[in-house]
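Text of upload14.cif, listed as mmCIF, C-alpha atoms:
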data_protein
#
loop_
_atom_site.label_atom_id
_atom_site.label_comp_id
_atom_site.auth_asym_id
_atom_site.auth_seq_id
_atom_site.Cartn_x
_atom_site.Cartn_y
_atom_site.Cartn_z
CA MET A 1 10.43 -13.45 13.16
CA ASP A 2 10.80 -13.13 16.92
CA LEU A 3 13.41 -10.53 17.84
CA ASP A 4 14.66 -10.65 21.42
CA ILE A 5 16.71 -7.67 22.60
CA SER A 6 17.73 -8.06 26.26
CA GLY A 7 14.25 -8.93 27.41
CA ALA A 8 12.48 -6.50 25.09
CA ARG A 9 10.51 -8.57 22.59
CA VAL A 10 9.23 -7.41 19.24
CA PHE A 11 7.27 -9.48 16.77
CA PHE A 12 7.46 -9.09 13.01
CA GLU A 13 4.67 -11.44 12.04
CA LEU A 14 4.92 -13.43 8.87
CA PRO A 15 1.79 -14.57 7.01
CA VAL A 16 -0.01 -17.26 8.96
CA ASP A 17 -1.25 -20.14 6.82
CA LEU A 18 -4.54 -21.62 7.91
CA PRO A 19 -5.13 -25.09 6.40
CA ILE A 20 -8.62 -25.37 4.93
CA LEU A 21 -10.00 -28.28 2.91
CA GLY A 22 -6.79 -30.26 2.81
CA LYS A 23 -4.05 -28.54 0.82
CA LEU A 24 -5.99 -25.32 0.28
CA GLN A 25 -4.46 -22.61 2.47
CA ILE A 26 -5.59 -19.10 3.30
CA SER A 27 -2.90 -16.74 4.54
CA GLU A 28 -3.31 -13.86 6.94
CA THR A 29 -2.70 -11.48 4.04
CA ILE A 30 -5.70 -12.86 2.18
CA VAL A 31 -7.95 -12.66 5.24
CA VAL A 32 -7.03 -9.03 5.96
CA SER A 33 -7.30 -8.18 2.25
CA TRP A 34 -10.88 -9.44 2.22
CA LEU A 35 -11.55 -7.39 5.34
CA VAL A 36 -10.17 -4.32 3.54
CA LEU A 37 -12.50 -4.94 0.59
CA ILE A 38 -15.47 -5.37 2.92
CA LEU A 39 -14.63 -2.09 4.69
CA ILE A 40 -14.31 -0.20 1.40
CA THR A 41 -17.54 -1.71 0.04
CA GLY A 42 -19.42 -0.85 3.24
CA LEU A 43 -18.08 2.71 3.17
CA CYS A 44 -19.12 3.16 -0.46
CA ILE A 45 -22.62 1.86 0.26
CA TRP A 46 -22.93 4.20 3.25
CA LEU A 47 -21.66 7.25 1.37
CA THR A 48 -23.92 6.70 -1.64
CA HIS A 49 -27.07 5.82 0.30
CA ASP A 50 -30.11 8.08 -0.17
CA LEU A 51 -28.56 10.54 -2.61
CA LYS A 52 -30.43 13.77 -3.34
CA GLU A 53 -30.21 16.57 -5.89
CA GLU A 54 -31.00 19.32 -3.38
CA ASN A 55 -30.35 19.85 0.32
CA ILE A 56 -27.65 17.20 0.27
CA SER A 57 -26.24 15.76 3.49
CA LYS A 58 -22.66 16.07 4.68
CA ARG A 59 -22.23 12.40 3.82
CA GLN A 60 -23.25 13.02 0.21
CA ALA A 61 -21.01 16.10 0.07
CA VAL A 62 -18.04 13.94 1.08
CA ALA A 63 -18.98 11.34 -1.56
CA GLU A 64 -19.21 14.00 -4.26
CA LEU A 65 -15.87 15.48 -3.20
CA LEU A 66 -14.19 12.07 -3.46
CA VAL A 67 -15.68 11.44 -6.91
CA GLU A 68 -14.68 14.88 -8.15
CA THR A 69 -11.13 14.41 -6.82
CA ALA A 70 -10.83 11.05 -8.60
CA ASN A 71 -12.16 12.58 -11.83
CA ASN A 72 -9.71 15.48 -11.72
CA PHE A 73 -6.78 13.20 -10.90
CA VAL A 74 -7.34 10.74 -13.73
CA ILE A 75 -8.41 13.23 -16.40
CA GLY A 76 -5.67 15.66 -15.40
CA ASN A 77 -2.97 13.01 -15.79
CA MET A 78 -4.37 10.90 -18.61
CA GLY A 79 -6.80 13.01 -20.60
CA GLU A 80 -10.54 12.89 -21.24
CA LYS A 81 -10.30 9.71 -23.35
CA PHE A 82 -9.30 7.76 -20.25
CA ARG A 83 -12.39 8.69 -18.22
CA TYR A 84 -13.27 4.99 -18.09
CA MET A 85 -10.14 4.46 -15.93
CA ILE A 86 -11.54 6.52 -13.04
CA PRO A 87 -13.22 3.61 -11.19
CA PHE A 88 -10.09 1.46 -11.49
CA VAL A 89 -7.67 4.13 -10.26
CA ALA A 90 -10.02 5.16 -7.43
CA ALA A 91 -10.43 1.54 -6.33
CA LEU A 92 -6.67 0.99 -6.49
CA PHE A 93 -6.00 4.09 -4.37
CA ALA A 94 -8.68 3.23 -1.80
CA THR A 95 -7.47 -0.36 -1.47
CA SER A 96 -3.86 0.76 -1.04
CA VAL A 97 -4.68 3.43 1.55
CA VAL A 98 -6.93 1.21 3.67
CA SER A 99 -4.45 -1.67 3.43
CA ASN A 100 -1.62 0.61 4.58
CA LEU A 101 -3.58 2.16 7.45
CA ILE A 102 -5.24 -0.99 8.75
CA SER A 103 -2.09 -1.70 10.76
CA LEU A 104 -3.18 1.13 13.07
CA ILE A 105 -5.79 -1.18 14.60
CA GLY A 106 -3.30 -3.98 15.17
CA LEU A 107 -3.83 -6.01 11.99
CA ARG A 108 -1.00 -6.95 9.67
CA SER A 109 -1.08 -4.72 6.61
CA PRO A 110 -1.56 -6.70 3.37
CA THR A 111 0.89 -4.30 1.71
CA ALA A 112 3.62 -5.58 4.02
CA ASP A 113 3.46 -8.74 1.88
CA LEU A 114 5.24 -8.43 -1.48
CA SER A 115 2.68 -10.70 -3.14
CA THR A 116 0.01 -8.01 -2.75
CA GLU A 117 1.94 -5.28 -4.55
CA ALA A 118 3.19 -7.82 -7.10
CA ALA A 119 -0.39 -8.73 -8.02
CA TRP A 120 -1.32 -5.04 -8.41
CA ALA A 121 1.78 -4.39 -10.51
CA VAL A 122 1.04 -7.34 -12.81
CA VAL A 123 -2.50 -6.04 -13.42
CA VAL A 124 -1.15 -2.56 -14.20
CA PHE A 125 1.57 -4.03 -16.45
CA ILE A 126 -1.04 -5.98 -18.44
CA MET A 127 -3.05 -2.78 -18.88
CA ILE A 128 0.06 -0.89 -20.02
CA THR A 129 0.96 -3.61 -22.52
CA SER A 130 -2.58 -3.86 -23.87
CA GLN A 131 -2.66 -0.08 -24.32
CA LYS A 132 0.62 -0.17 -26.26
CA ILE A 133 -0.68 -2.93 -28.52
CA LYS A 134 -3.98 -1.07 -28.97
CA THR A 135 -2.12 2.09 -29.98
CA ASN A 136 0.67 0.67 -32.14
CA GLY A 137 -0.54 -2.80 -33.03
CA VAL A 138 1.31 -6.03 -32.27
CA GLY A 139 3.95 -5.28 -34.90
CA GLY A 140 4.55 -1.78 -33.62
CA TYR A 141 4.76 -3.02 -30.04
CA LEU A 142 7.39 -5.60 -30.93
CA LYS A 143 9.25 -3.13 -33.14
CA ASP A 144 9.69 -0.77 -30.18
CA PHE A 145 12.00 -3.31 -28.58
CA THR A 146 14.49 -2.85 -31.44
CA THR A 147 14.76 0.94 -31.14
CA PRO A 148 16.95 2.86 -31.51
CA ILE A 149 19.05 -0.05 -32.82
CA PRO A 150 18.39 -3.82 -32.80
CA VAL A 151 21.30 -4.52 -30.47
CA MET A 152 19.31 -2.72 -27.73
CA THR A 153 16.54 -5.35 -27.83
CA PRO A 154 17.65 -7.29 -24.71
CA PHE A 155 17.95 -4.07 -22.72
CA ASN A 156 14.54 -2.85 -23.89
CA ILE A 157 12.96 -6.15 -22.87
CA LEU A 158 14.65 -5.90 -19.47
CA SER A 159 13.37 -2.35 -19.09
CA GLU A 160 9.84 -3.52 -19.89
CA ILE A 161 10.01 -6.26 -17.29
CA ALA A 162 11.49 -3.88 -14.73
CA THR A 163 8.36 -1.69 -14.77
CA PRO A 164 6.07 -3.96 -12.67
CA ILE A 165 8.99 -5.08 -10.50
CA SER A 166 9.97 -1.50 -9.61
CA MET A 167 6.35 -0.53 -8.89
CA ALA A 168 5.84 -3.48 -6.58
CA CYS A 169 9.17 -3.21 -4.75
CA ARG A 170 8.89 0.56 -4.24
CA HIS A 171 5.53 0.28 -2.50
CA PHE A 172 6.43 -2.86 -0.56
CA GLY A 173 9.82 -1.57 0.57
CA ASN A 174 8.46 1.66 2.00
CA ILE A 175 5.64 -0.04 3.90
CA LEU A 176 7.81 -2.86 5.26
CA SER A 177 10.56 -0.45 6.31
CA GLY A 178 8.03 1.45 8.40
CA VAL A 179 6.96 -1.77 10.11
CA VAL A 180 10.56 -2.77 10.85
CA ILE A 181 11.63 0.68 12.08
CA ASN A 182 8.62 0.98 14.37
CA GLY A 183 9.36 -2.48 15.75
CA LEU A 184 12.99 -1.62 16.44
CA VAL A 185 11.96 1.64 18.14
CA TYR A 186 9.53 -0.24 20.38
CA ALA A 187 12.29 -2.69 21.32
CA ALA A 188 14.82 0.07 22.01
CA LEU A 189 12.39 2.09 24.13
CA ALA A 190 11.38 -0.99 26.10
CA LEU A 191 15.06 -1.73 26.77
CA ALA A 192 15.75 1.88 27.78
CA SER A 193 12.70 1.93 30.05
CA SER A 194 13.80 -1.25 31.76
CA ALA A 195 17.36 0.06 32.24
CA LEU A 196 16.39 3.49 33.57
CA LEU A 197 13.60 2.41 35.89
CA GLY A 198 15.70 -0.50 37.06
CA LEU A 199 18.02 2.03 38.70
CA ILE A 200 15.33 2.74 41.29
CA PRO A 201 16.22 0.70 44.36
CA GLY A 202 13.96 -1.84 45.97
CA VAL A 203 10.71 -3.46 44.93
CA VAL A 204 9.49 -0.30 43.21
CA GLY A 205 12.36 -0.43 40.75
CA ASP A 206 11.80 -4.12 40.08
CA VAL A 207 8.14 -3.54 39.30
CA LEU A 208 8.56 -0.39 37.21
CA SER A 209 11.43 -1.85 35.19
CA LYS A 210 8.99 -4.40 33.77
CA ILE A 211 6.65 -1.68 32.50
CA PRO A 212 7.71 -0.17 29.13
CA ILE A 213 6.74 3.36 30.10
CA LEU A 214 8.86 4.96 27.36
CA ASP A 215 6.82 3.09 24.74
CA VAL A 216 4.02 5.57 25.40
CA GLY A 217 4.09 8.66 23.22
CA VAL A 218 7.22 8.38 21.07
CA PRO A 219 5.97 5.52 18.83
CA ALA A 220 2.74 7.44 18.28
CA ILE A 221 4.75 10.36 16.87
CA LEU A 222 6.60 8.04 14.49
CA SER A 223 3.27 6.49 13.49
CA VAL A 224 2.15 9.85 12.13
CA TYR A 225 4.83 9.51 9.45
CA PHE A 226 5.25 5.78 8.88
CA ASP A 227 1.56 4.85 9.07
CA TRP A 228 -0.33 7.96 8.02
CA PHE A 229 1.89 10.12 5.80
CA SER A 230 3.97 7.36 4.23
CA GLY A 231 0.98 5.04 3.78
CA ILE A 232 -1.11 7.65 1.98
CA MET A 233 1.87 8.95 0.01
CA GLN A 234 2.82 5.48 -1.27
CA ALA A 235 -0.74 4.87 -2.42
CA PHE A 236 -0.69 8.20 -4.25
CA ILE A 237 2.67 7.45 -5.92
CA PHE A 238 1.53 3.99 -7.05
CA CYS A 239 -1.63 5.44 -8.63
CA MET A 240 0.30 8.33 -10.16
CA LEU A 241 2.75 5.92 -11.82
CA THR A 242 -0.17 3.81 -13.02
CA THR A 243 -1.85 6.73 -14.78
CA LEU A 244 1.40 8.06 -16.25
CA TYR A 245 2.56 4.69 -17.57
CA ILE A 246 -0.79 3.94 -19.22
CA ALA A 247 -1.09 7.44 -20.68
CA ASN A 248 2.48 7.22 -21.98
CA ALA A 249 1.69 3.86 -23.58
CA ALA A 250 -1.09 5.59 -25.52
CA GLY A 251 1.21 8.43 -26.53
CA GLU A 252 -0.67 10.97 -24.41
CA THR A 253 2.40 12.28 -22.52
#

In structure tokens, write the structure found in this file.
Amino acid sequence: MDLDISGARVFFELPVDLPILGKLQISETIVVSWLVLILITGLCIWLTHDLKEENISKRQAVAELLVETANNFVIGNMGEKFRYMIPFVAALFATSVVSNLISLIGLRSPTADLSTEAAWAVVVFIMITSQKIKTNGVGGYLKDFTTPIPVMTPFNILSEIATPISMACRHFGNILSGVVINGLVYAALALASSALLGLIPGVVGDVLSKIPILDVGVPAILSVYFDWFSGIMQAFIFCMLTTLYIANAAGET
């Protein structure tokens, strides 16, 4: 969407579809998502290269710290029996963080596309459901929909479906709101810069009014919250909900 505010132009880019092999299309979200995966894979290879038992490097120390943090997070929230979930949760967190922060280098964040969070939420929902069936059996899983009384069945089904929807929309809404707010701030500052500098008489005013001087500095301050803090926090919340929902499905919480 192209937003024009009195000469100040801001672009909220929608996914760009690139036609490949006839009807097969690859969107901008998919391209950037693959770039995110390549970055994470490259970082993992670099961090785990040439590991030692003694006299470890700073790189290895960072790798061990990340692994220990992931271990403590998953085991602390889910219990020792869910140790096998550590790689999944760590990968989910890393993908979310890098996807959120990649907008800092001018690329469109994949998490600004609802389809990305929806896909993650569906995967998590399948894991939650499989854990419930594993714990209670198919009969026990279906019976839960009739508690505390059978008339509550439609509401229990709706509540079950709402889990992945709420997870996806929460993450998507926070990331997209940051993109929109930053865009509006850029537009407002460009407009204010043009109006203020346009008050200078003569050619100098005409030239300076076309330079969005006020766009320097203030957006960077907002980026600390919307890109860094909010991006990392939303990744943490998504992973926290994932661990709690799965642990609860197994009756661990």

Separation of atom CA of A:Glu68 from atom CA of A:Asp50 in Å
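We find that atom CA of A:Asp50 and atom CA of A:Glu68 lie 18.7 Å from each other.
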
Pick from A:Gly251, A:Ile86, A:Ser177, A:Ile45: nearest to A:Phe73, with all atoms listed in the file counted?
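Going through A:Gly251, A:Ile86, A:Ser177, A:Ile45 one by one, the smallest distance to A:Phe73 is for A:Ile86.
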
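This file, filtered with the PyMOL selection byres ((chain A and resi 32) around 9), gives the residues Ser27, Glu28, Thr29, Ile30, Val31, Ser33, Trp34, Leu35, Val36, Leu37, Ser99, Ile102, Leu107, Arg108, Ser109 and Pro110 of chain A.
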
Atom CA of A:Val123 to atom CA of A:Thr242, distance in Å rounded to a single decimal
10.1 Å

Coordinates-based distance that separates atom CA of A:Gln234 from atom CA of A:Leu184 (Å, one decimal):
21.6 Å

Closest of A:Asp206, A:His171, A:Ser193, A:Ala187 to A:Asp113 - atom-to-atom distances counting all atoms listed in the file
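Among the listed residues, the smallest separation from A:Asp113 belongs to A:His171.
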
Shortest contact to A:Cys239, candidates A:Glu54, A:Arg83, A:Val124, A:Leu43, atoms counted all atoms listed in the file, goes to A:Val124

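Of the listed residues A:Ile161, A:Ile40, A:Met127, A:Leu241, the one whose atoms come nearest to A:Val98 is A:Ile40, with distances taken using only C-alpha atoms.
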
Find the residues around A:Lys132 up to 9 Å (only C-alpha atoms counted), leave out those fewer than 4 positions away in its own chain, and share them as a PyMOL selection string.
chain A and resi 127-128+136-138+140-141+246+248-251

Can those selected residues be exported to a file as a JSON list (two decimals), in the coordinates of the input so that it contains C-alpha atoms?
[["chain", "number", "residue", "atom", "x", "y", "z"],
["A", 127, "MET", "CA", -3.05, -2.78, -18.88],
["A", 128, "ILE", "CA", 0.06, -0.89, -20.02],
["A", 136, "ASN", "CA", 0.67, 0.67, -32.14],
["A", 137, "GLY", "CA", -0.54, -2.80, -33.03],
["A", 138, "VAL", "CA", 1.31, -6.03, -32.27],
["A", 140, "GLY", "CA", 4.55, -1.78, -33.62],
["A", 141, "TYR", "CA", 4.76, -3.02, -30.04],
["A", 246, "ILE", "CA", -0.79, 3.94, -19.22],
["A", 248, "ASN", "CA", 2.48, 7.22, -21.98],
["A", 249, "ALA", "CA", 1.69, 3.86, -23.58],
["A", 250, "ALA", "CA", -1.09, 5.59, -25.52],
["A", 251, "GLY", "CA", 1.21, 8.43, -26.53]]

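Those residues returned by the PyMOL selection byres ((chain A and resi 78) around 9) for this file are Phe73, Val74, Ile75, Gly76, Asn77, Gly79, Glu80, Lys81, Phe82, Arg83, Thr243, Leu244, Ile246, Ala247, Asn248, Glu252 and Thr253 of chain A.
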
Find the spatial neighbours of A:Val67, counting all atoms listed in the file, within a cut-off of 12 Å - ignore same-chain residues fewer than 2 positions away - and output them as a tab-separated table (two decimals) with C-alpha atoms, in the coordinates of the input.
chain	number	residue	atom	x	y	z
A	44	CYS	CA	-19.12	3.16	-0.46
A	47	LEU	CA	-21.66	7.25	1.37
A	48	THR	CA	-23.92	6.70	-1.64
A	60	GLN	CA	-23.25	13.02	0.21
A	61	ALA	CA	-21.01	16.10	0.07
A	62	VAL	CA	-18.04	13.94	1.08
A	63	ALA	CA	-18.98	11.34	-1.56
A	64	GLU	CA	-19.21	14.00	-4.26
A	65	LEU	CA	-15.87	15.48	-3.20
A	69	THR	CA	-11.13	14.41	-6.82
A	70	ALA	CA	-10.83	11.05	-8.60
A	71	ASN	CA	-12.16	12.58	-11.83
A	72	ASN	CA	-9.71	15.48	-11.72
A	73	PHE	CA	-6.78	13.20	-10.90
A	74	VAL	CA	-7.34	10.74	-13.73
A	86	ILE	CA	-11.54	6.52	-13.04
A	87	PRO	CA	-13.22	3.61	-11.19
A	89	VAL	CA	-7.67	4.13	-10.26
A	90	ALA	CA	-10.02	5.16	-7.43
A	91	ALA	CA	-10.43	1.54	-6.33
A	94	ALA	CA	-8.68	3.23	-1.80

I need the residue set behind the PyMOL selection byres ((chain A and resi 122) around 12) for this file; please write it as a compact mmCIF listing (two decimals) with C-alpha atoms, keeping the file's coordinate frame.
# COMPACT_ATOMS: atom_id res chain seq x y z
CA SER A 115 2.68 -10.70 -3.14
CA THR A 116 0.01 -8.01 -2.75
CA GLU A 117 1.94 -5.28 -4.55
CA ALA A 118 3.19 -7.82 -7.10
CA ALA A 119 -0.39 -8.73 -8.02
CA TRP A 120 -1.32 -5.04 -8.41
CA ALA A 121 1.78 -4.39 -10.51
CA VAL A 123 -2.50 -6.04 -13.42
CA VAL A 124 -1.15 -2.56 -14.20
CA PHE A 125 1.57 -4.03 -16.45
CA ILE A 126 -1.04 -5.98 -18.44
CA MET A 127 -3.05 -2.78 -18.88
CA ILE A 128 0.06 -0.89 -20.02
CA THR A 129 0.96 -3.61 -22.52
CA GLU A 160 9.84 -3.52 -19.89
CA ILE A 161 10.01 -6.26 -17.29
CA ALA A 162 11.49 -3.88 -14.73
CA THR A 163 8.36 -1.69 -14.77
CA PRO A 164 6.07 -3.96 -12.67
CA ILE A 165 8.99 -5.08 -10.50
CA SER A 166 9.97 -1.50 -9.61
CA MET A 167 6.35 -0.53 -8.89
CA ALA A 168 5.84 -3.48 -6.58
CA THR A 242 -0.17 3.81 -13.02

Of the residues A:Tyr245, A:Leu158, A:Gly178, A:Ala192, which is the one nearest to A:Ser130, using only C-alpha atoms?
A:Tyr245

Write out as AutoDock Vina command-line options an axis-aligned box for stretch 49-56 of chain A: all of its atoms listed in the file, 8 Å added on each side, centre and edge lengths in Å with one decimal.
--center_x -29.0 --center_y 12.8 --center_z -2.8 --size_x 19.9 --size_y 30.0 --size_z 22.2

Could stretch 119-138 of chain A be completed with N, CA and C atoms and written as a compact mmCIF listing (two decimals), keeping the file's coordinate frame, please?
# COMPACT_ATOMS: atom_id res chain seq x y z
N ALA A 119 0.86 -8.48 -7.29
CA ALA A 119 -0.39 -8.73 -8.02
C ALA A 119 -0.92 -7.43 -8.63
N TRP A 120 -0.88 -6.33 -7.86
CA TRP A 120 -1.32 -5.04 -8.41
C TRP A 120 -0.45 -4.63 -9.59
N ALA A 121 0.86 -4.80 -9.45
CA ALA A 121 1.78 -4.39 -10.51
C ALA A 121 1.58 -5.20 -11.78
N VAL A 122 1.28 -6.49 -11.64
CA VAL A 122 1.04 -7.34 -12.81
C VAL A 122 -0.21 -6.87 -13.55
N VAL A 123 -1.26 -6.54 -12.79
CA VAL A 123 -2.50 -6.04 -13.42
C VAL A 123 -2.21 -4.75 -14.19
N VAL A 124 -1.48 -3.83 -13.54
CA VAL A 124 -1.15 -2.56 -14.20
C VAL A 124 -0.27 -2.81 -15.44
N PHE A 125 0.68 -3.73 -15.34
CA PHE A 125 1.57 -4.03 -16.45
C PHE A 125 0.77 -4.59 -17.64
N ILE A 126 -0.20 -5.44 -17.37
CA ILE A 126 -1.04 -5.98 -18.44
C ILE A 126 -1.83 -4.85 -19.11
N MET A 127 -2.31 -3.91 -18.32
CA MET A 127 -3.05 -2.78 -18.88
C MET A 127 -2.13 -1.89 -19.72
N ILE A 128 -0.90 -1.69 -19.26
CA ILE A 128 0.06 -0.89 -20.02
C ILE A 128 0.37 -1.56 -21.35
N THR A 129 0.63 -2.87 -21.30
CA THR A 129 0.96 -3.61 -22.52
C THR A 129 -0.20 -3.62 -23.51
N SER A 130 -1.41 -3.84 -22.99
CA SER A 130 -2.58 -3.86 -23.87
C SER A 130 -2.80 -2.50 -24.52
N GLN A 131 -2.50 -1.42 -23.77
CA GLN A 131 -2.66 -0.08 -24.32
C GLN A 131 -1.63 0.17 -25.42
N LYS A 132 -0.41 -0.32 -25.23
CA LYS A 132 0.62 -0.17 -26.26
C LYS A 132 0.23 -0.92 -27.53
N ILE A 133 -0.28 -2.14 -27.36
CA ILE A 133 -0.68 -2.93 -28.52
C ILE A 133 -1.89 -2.28 -29.21
N LYS A 134 -2.82 -1.74 -28.41
CA LYS A 134 -3.98 -1.07 -28.97
C LYS A 134 -3.58 0.16 -29.78
N THR A 135 -2.56 0.86 -29.32
CA THR A 135 -2.12 2.09 -29.98
C THR A 135 -1.25 1.82 -31.21
N ASN A 136 -0.31 0.89 -31.07
CA ASN A 136 0.67 0.67 -32.14
C ASN A 136 0.50 -0.64 -32.90
N GLY A 137 -0.41 -1.49 -32.43
CA GLY A 137 -0.54 -2.80 -33.03
C GLY A 137 0.52 -3.76 -32.52
N VAL A 138 0.34 -5.04 -32.76
CA VAL A 138 1.31 -6.03 -32.27
C VAL A 138 2.68 -5.80 -32.91
